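Data first, discussion second: the structure below is written as C-alpha cells.
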Amino acid sequence: MSLAEVRAKGQPPEVLARLNDEHWAGRLYMRRFSPYATVVFARLGWSPNAVTVAFIVSGVAAGVLAAVPGLPAAVGVAVLIQLYLLFDCSDGELARYTGRFSATGVYLDRMGHYICEAVLLAGLGVRAQGHVALAGGYVSAGLAAAVCATLIKAETDAVVVARASSGLDGKHDDEALAPRAQGLALARRLASALRLHRIIQAAAIADAATGSLTATRVLTVAALAVGALMTVAHLVAIVASRRLR
C-alpha cells in the first residue's frame with residue numbers, strides 16, 4: 001500500500017468535509033500526518049478495531065494524567081492527546097482502505113469518544129482542585145463539564161436513533177443538524193467554535209507556564225460554561241434542523 005492509496009480511499013472528500021463528525025484538529029493538521037501512521041498499522045497487521053482501542057487507551061491515559069500536577073504531567077497530557085487524535089483519524093482510514101467495517105467498530109468508536117472526553121474533563125477538574133479528591137468545587141465543575149460533553153455527543157447520536165425509529169434513513173449528515181432559522185445557525189456556529197479539546201490542552205499549557213493553579217481553575221470553570229452553552233445550542237439546533245422532522 002502507498003500513501004496515495006490511503007489518502008484516496010481513507011480520506012475521501014465526504015469524510016474531510018464533515019463538520020459534525022470530523023474533529024477540528026483532524027481538519028487543521030492531523031489528517032496530513034495520519035496516513036503515514038495508517039500505512040504502518042496496515043503493515044503491522046493491525047485491525048481497525050485495534051487502532052480504535054489504542055485511541056481509547058491514549059485518551060483515558062491523558063485524562064488520568066491530567067489530574068497529576070507538574071510540568072512532566074502537562075507535557076504527557078499534550079502528547080497523549082495528540083496520539084489520541086492520530087489513532088482516531090487512522091482507525092477510520094484503515095477501515096475504509098481495507099473495507100473492514102463492523103458494528104463492533106462503530107460501537108467502540110462511539111463509546112471511545114464518550115469515555116475519553118469525559119475522563120479528560122474530569123481529570124482537569126481534579127487537577128484544578130490541587131490534590132486527588134472525589135469531592136470539591138473544581139472536581140464538581142470538571143464532572144459537570146464531562147456530563148455536558150457526553151450530552152452533546154448523545155444529542156447527535158440521538159438523531160440517528162430518532163430517524164431509524166421513525167422508519168427513515170438512520171444516517172445523518174451536516175444538513176441534518178443545520179437549523180432552519182439563520183439566528184439559530186449563527187448561535188450554533190459560535191458555540192461550536194469553542195472546542196472543549198482546545199480548552200483542555202490550553203489548561204495543561206497554562207498550568208505548566210505559570211506554575212500555579214489559577215489558570216487551570218479559570219479554564220475548568222470556562223470548560224463548564226462552554227460545555228453548558230454548547231449543550232443547549234446543539235440541542236436547539238437539532239430540534240430545529242431540516243432533516244430531523
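Each chain of the C-alpha cells is named A, B, ... in the order shown, its residues numbered from 1; ligands are numbered from 1 in display order.
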Mind the document's chain letters and residue numbers, and return as a PyMOL selection string the residues of region 2-135 of chain A that DSSP labels helix (DSSP H, G or I). chain A and resi 3-10+13-16+24-44+48-66+71-98+103-129
Include C-alpha atoms and write out the residues we just selected as a compact mmCIF listing (two decimals), in the first residue's frame.
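Result file follows (part-v7.txt):
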```txt
# COMPACT_ATOMS: atom_id res chain seq x y z
CA LEU A 3 0.32 6.96 0.96
CA ALA A 4 -1.53 7.97 -2.20
CA GLU A 5 -3.81 4.92 -1.90
CA VAL A 6 -4.50 5.60 1.77
CA ARG A 7 -5.38 9.22 1.05
CA ALA A 8 -7.60 8.25 -1.89
CA LYS A 9 -9.55 5.51 -0.10
CA GLY A 10 -9.15 6.52 3.52
CA PRO A 13 -13.81 14.30 0.20
CA GLU A 14 -17.05 13.48 2.01
CA VAL A 15 -15.07 12.49 5.12
CA LEU A 16 -12.88 15.57 5.18
CA TRP A 24 -11.30 20.31 14.20
CA ALA A 25 -7.73 19.12 14.78
CA GLY A 26 -8.19 16.50 12.08
CA ARG A 27 -9.17 19.12 9.52
CA LEU A 28 -6.48 21.53 10.69
CA TYR A 29 -3.41 19.28 10.72
CA MET A 30 -3.80 15.65 11.88
CA ARG A 31 -5.21 14.35 8.58
CA ARG A 32 -1.92 15.39 6.97
CA PHE A 33 0.06 13.02 9.20
CA SER A 34 -2.39 10.19 9.90
CA PRO A 35 -1.90 8.39 6.53
CA TYR A 36 1.72 7.70 7.49
CA ALA A 37 0.53 6.02 10.68
CA THR A 38 -2.22 4.17 8.82
CA VAL A 39 0.36 2.64 6.46
CA VAL A 40 2.38 1.46 9.47
CA PHE A 41 -0.68 -0.06 11.18
CA ALA A 42 -1.66 -1.88 7.98
CA ARG A 43 1.84 -3.32 7.55
CA LEU A 44 1.85 -4.43 11.18
CA PRO A 48 -9.25 -1.01 12.59
CA ASN A 49 -10.70 -2.06 15.95
CA ALA A 50 -7.19 -2.45 17.39
CA VAL A 51 -6.41 1.14 16.37
CA THR A 52 -9.68 2.26 17.98
CA VAL A 53 -8.71 0.56 21.22
CA ALA A 54 -5.36 2.36 21.04
CA PHE A 55 -7.12 5.75 20.80
CA ILE A 56 -9.31 4.85 23.78
CA VAL A 57 -6.29 3.87 25.87
CA SER A 58 -4.46 7.08 24.89
CA GLY A 59 -7.46 9.27 25.72
CA VAL A 60 -8.14 7.64 29.09
CA ALA A 61 -4.43 7.83 29.98
CA ALA A 62 -4.43 11.55 29.12
CA GLY A 63 -7.42 12.10 31.41
CA VAL A 64 -5.80 10.25 34.29
CA LEU A 65 -2.51 12.08 33.80
CA ALA A 66 -4.37 15.41 33.63
CA LEU A 71 5.22 20.12 34.16
CA PRO A 72 6.03 16.50 33.18
CA ALA A 73 2.39 15.52 33.56
CA ALA A 74 1.27 18.53 31.49
CA VAL A 75 3.67 17.56 28.68
CA GLY A 76 2.48 13.97 28.90
CA VAL A 77 -1.16 15.06 28.58
CA ALA A 78 -0.37 17.07 25.44
CA VAL A 79 1.48 14.11 23.87
CA LEU A 80 -1.25 11.61 24.75
CA ILE A 81 -3.97 13.86 23.34
CA GLN A 82 -2.09 14.06 20.04
CA LEU A 83 -1.77 10.26 19.99
CA TYR A 84 -5.47 10.01 20.75
CA LEU A 85 -6.26 12.23 17.76
CA LEU A 86 -3.83 10.36 15.50
CA PHE A 87 -5.30 6.93 16.33
CA ASP A 88 -8.81 8.38 15.97
CA CYS A 89 -8.05 9.52 12.41
CA SER A 90 -6.24 6.32 11.46
CA ASP A 91 -8.86 3.79 12.57
CA GLY A 92 -11.41 5.09 10.06
CA GLU A 93 -8.80 5.43 7.31
CA LEU A 94 -7.71 1.84 7.84
CA ALA A 95 -11.31 0.62 7.85
CA ARG A 96 -12.10 2.44 4.59
CA TYR A 97 -8.87 1.31 2.92
CA THR A 98 -9.27 -2.37 3.88
CA ALA A 103 -20.95 -2.75 14.10
CA THR A 104 -18.40 -3.52 16.80
CA GLY A 105 -16.04 -0.95 15.31
CA VAL A 106 -18.72 1.73 15.21
CA TYR A 107 -19.71 0.95 18.79
CA LEU A 108 -16.12 1.07 20.04
CA ASP A 109 -15.51 4.36 18.25
CA ARG A 110 -18.63 5.99 19.69
CA MET A 111 -18.03 4.75 23.21
CA GLY A 112 -14.38 5.73 22.97
CA HIS A 113 -15.29 9.35 22.33
CA TYR A 114 -17.81 9.35 25.17
CA ILE A 115 -15.35 7.87 27.65
CA CYS A 116 -12.22 9.79 26.65
CA GLU A 117 -13.75 13.26 26.60
CA ALA A 118 -15.49 12.65 29.92
CA VAL A 119 -12.31 11.37 31.60
CA LEU A 120 -10.26 14.28 30.22
CA LEU A 121 -12.61 16.87 31.68
CA ALA A 122 -12.94 15.03 34.96
CA GLY A 123 -9.14 14.87 35.21
CA LEU A 124 -8.94 18.59 34.52
CA GLY A 125 -11.28 19.24 37.45
CA VAL A 126 -9.18 17.11 39.79
CA ARG A 127 -6.03 18.96 38.67
CA ALA A 128 -7.71 22.31 39.38
CA GLN A 129 -8.68 21.13 42.86
```
Name all residues at most 10 Å from Ser212 (chain A) (count only C-alpha atoms; drop same-chain ones fewer than 4 positions away) and give them as a compact mmCIF listing (two decimals) with N, CA and C atoms, in the first residue's frame.
```txt
# COMPACT_ATOMS: atom_id res chain seq x y z
N PRO A 69 -0.41 16.98 39.05
CA PRO A 69 0.20 18.31 38.91
C PRO A 69 1.64 18.21 38.39
N GLY A 70 2.14 19.34 37.90
CA GLY A 70 3.54 19.40 37.49
C GLY A 70 3.72 19.46 35.99
N ALA A 128 -7.40 20.97 38.88
CA ALA A 128 -7.71 22.31 39.38
C ALA A 128 -7.95 22.32 40.88
N GLY A 130 -6.27 20.76 43.05
CA GLY A 130 -4.98 20.86 43.72
C GLY A 130 -4.50 19.57 44.35
N ALA A 206 -1.13 26.30 30.10
CA ALA A 206 -1.14 27.44 31.02
C ALA A 206 -0.68 27.03 32.41
N ASP A 207 -1.05 25.85 32.85
CA ASP A 207 -0.65 25.37 34.16
C ASP A 207 0.86 25.21 34.23
N ALA A 208 1.45 24.65 33.17
CA ALA A 208 2.90 24.46 33.14
C ALA A 208 3.63 25.78 33.04
N THR A 216 -5.54 27.11 35.48
CA THR A 216 -6.25 25.84 35.36
C THR A 216 -7.65 25.93 35.94
N ARG A 217 -7.77 26.61 37.06
CA ARG A 217 -9.09 26.74 37.68
C ARG A 217 -10.02 27.61 36.85
```
What is the distance, in Å and to one decimal place, between CA of Ser166 (chain A) and CA of Ala154 (chain A)? 17.9 Å
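The smallest atom-to-atom distance between Gly99 (chain A) and any of A:Ala162, A:Leu151, A:Ser47, A:Thr156, using only C-alpha atoms, is found for A:Ser47.
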Shell of 10 Å around Leu235 (chain A), only C-alpha atoms, local chain residues under 2 positions omitted, as a ChimeraX atom specification: /A:151-152,154-156,177,188,230-233,237-241
Only N, CA, C and O atoms, please: the residues just picked out, written as a PDB file, in the first residue's frame.
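This is the output file result01.pdb:
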```pdb
ATOM      1  N   LEU A 151     -23.423  14.715  26.901  1.00  0.00           N
ATOM      2  CA  LEU A 151     -24.754  15.062  26.396  1.00  0.00           C
ATOM      3  C   LEU A 151     -24.694  15.557  24.951  1.00  0.00           C
ATOM      4  O   LEU A 151     -25.566  15.234  24.139  1.00  0.00           O
ATOM      5  N   ILE A 152     -23.665  16.340  24.626  1.00  0.00           N
ATOM      6  CA  ILE A 152     -23.528  16.858  23.263  1.00  0.00           C
ATOM      7  C   ILE A 152     -23.412  15.705  22.273  1.00  0.00           C
ATOM      8  O   ILE A 152     -24.047  15.700  21.212  1.00  0.00           O
ATOM      9  N   ALA A 154     -24.392  12.607  22.836  1.00  0.00           N
ATOM     10  CA  ALA A 154     -25.646  11.858  22.880  1.00  0.00           C
ATOM     11  C   ALA A 154     -26.723  12.535  22.037  1.00  0.00           C
ATOM     12  O   ALA A 154     -27.543  11.859  21.396  1.00  0.00           O
ATOM     13  N   GLU A 155     -26.729  13.867  22.024  1.00  0.00           N
ATOM     14  CA  GLU A 155     -27.710  14.599  21.210  1.00  0.00           C
ATOM     15  C   GLU A 155     -27.529  14.287  19.721  1.00  0.00           C
ATOM     16  O   GLU A 155     -28.507  14.106  19.001  1.00  0.00           O
ATOM     17  N   THR A 156     -26.268  14.215  19.282  1.00  0.00           N
ATOM     18  CA  THR A 156     -26.013  13.879  17.873  1.00  0.00           C
ATOM     19  C   THR A 156     -26.402  12.444  17.580  1.00  0.00           C
ATOM     20  O   THR A 156     -27.055  12.152  16.574  1.00  0.00           O
ATOM     21  N   LEU A 177     -28.349  18.415  10.838  1.00  0.00           N
ATOM     22  CA  LEU A 177     -28.221  19.153  12.092  1.00  0.00           C
ATOM     23  C   LEU A 177     -28.222  20.654  11.882  1.00  0.00           C
ATOM     24  O   LEU A 177     -27.952  21.416  12.800  1.00  0.00           O
ATOM     25  N   ARG A 188     -25.277  28.400  16.824  1.00  0.00           N
ATOM     26  CA  ARG A 188     -24.629  27.088  16.874  1.00  0.00           C
ATOM     27  C   ARG A 188     -23.192  27.163  16.383  1.00  0.00           C
ATOM     28  O   ARG A 188     -22.303  26.515  16.919  1.00  0.00           O
ATOM     29  N   MET A 230     -22.756  24.928  24.697  1.00  0.00           N
ATOM     30  CA  MET A 230     -22.810  24.047  23.541  1.00  0.00           C
ATOM     31  C   MET A 230     -23.932  23.021  23.663  1.00  0.00           C
ATOM     32  O   MET A 230     -24.568  22.661  22.677  1.00  0.00           O
ATOM     33  N   THR A 231     -24.169  22.543  24.880  1.00  0.00           N
ATOM     34  CA  THR A 231     -25.232  21.562  25.086  1.00  0.00           C
ATOM     35  C   THR A 231     -26.585  22.128  24.681  1.00  0.00           C
ATOM     36  O   THR A 231     -27.363  21.489  23.960  1.00  0.00           O
ATOM     37  N   VAL A 232     -26.864  23.347  25.132  1.00  0.00           N
ATOM     38  CA  VAL A 232     -28.146  23.984  24.819  1.00  0.00           C
ATOM     39  C   VAL A 232     -28.228  24.352  23.336  1.00  0.00           C
ATOM     40  O   VAL A 232     -29.226  24.064  22.664  1.00  0.00           O
ATOM     41  N   ALA A 233     -27.173  24.994  22.811  1.00  0.00           N
ATOM     42  CA  ALA A 233     -27.181  25.424  21.409  1.00  0.00           C
ATOM     43  C   ALA A 233     -27.279  24.235  20.467  1.00  0.00           C
ATOM     44  O   ALA A 233     -27.995  24.276  19.457  1.00  0.00           O
ATOM     45  N   ALA A 237     -30.390  23.464  17.967  1.00  0.00           N
ATOM     46  CA  ALA A 237     -30.098  23.340  16.541  1.00  0.00           C
ATOM     47  C   ALA A 237     -30.657  22.051  15.963  1.00  0.00           C
ATOM     48  O   ALA A 237     -31.200  22.030  14.859  1.00  0.00           O
ATOM     49  N   ILE A 238     -30.546  20.961  16.716  1.00  0.00           N
ATOM     50  CA  ILE A 238     -31.044  19.670  16.223  1.00  0.00           C
ATOM     51  C   ILE A 238     -32.568  19.666  16.145  1.00  0.00           C
ATOM     52  O   ILE A 238     -33.157  19.226  15.159  1.00  0.00           O
ATOM     53  N   VAL A 239     -33.214  20.165  17.194  1.00  0.00           N
ATOM     54  CA  VAL A 239     -34.685  20.191  17.200  1.00  0.00           C
ATOM     55  C   VAL A 239     -35.215  21.034  16.042  1.00  0.00           C
ATOM     56  O   VAL A 239     -36.251  20.722  15.447  1.00  0.00           O
ATOM     57  N   ALA A 240     -34.494  22.109  15.701  1.00  0.00           N
ATOM     58  CA  ALA A 240     -34.923  22.991  14.612  1.00  0.00           C
ATOM     59  C   ALA A 240     -34.243  22.635  13.280  1.00  0.00           C
ATOM     60  O   ALA A 240     -34.256  23.424  12.359  1.00  0.00           O
ATOM     61  N   SER A 241     -33.688  21.446  13.180  1.00  0.00           N
ATOM     62  CA  SER A 241     -32.938  21.079  11.975  1.00  0.00           C
ATOM     63  C   SER A 241     -33.868  20.773  10.817  1.00  0.00           C
ATOM     64  O   SER A 241     -35.072  20.586  10.970  1.00  0.00           O
TER      65      SER A 241
END
```
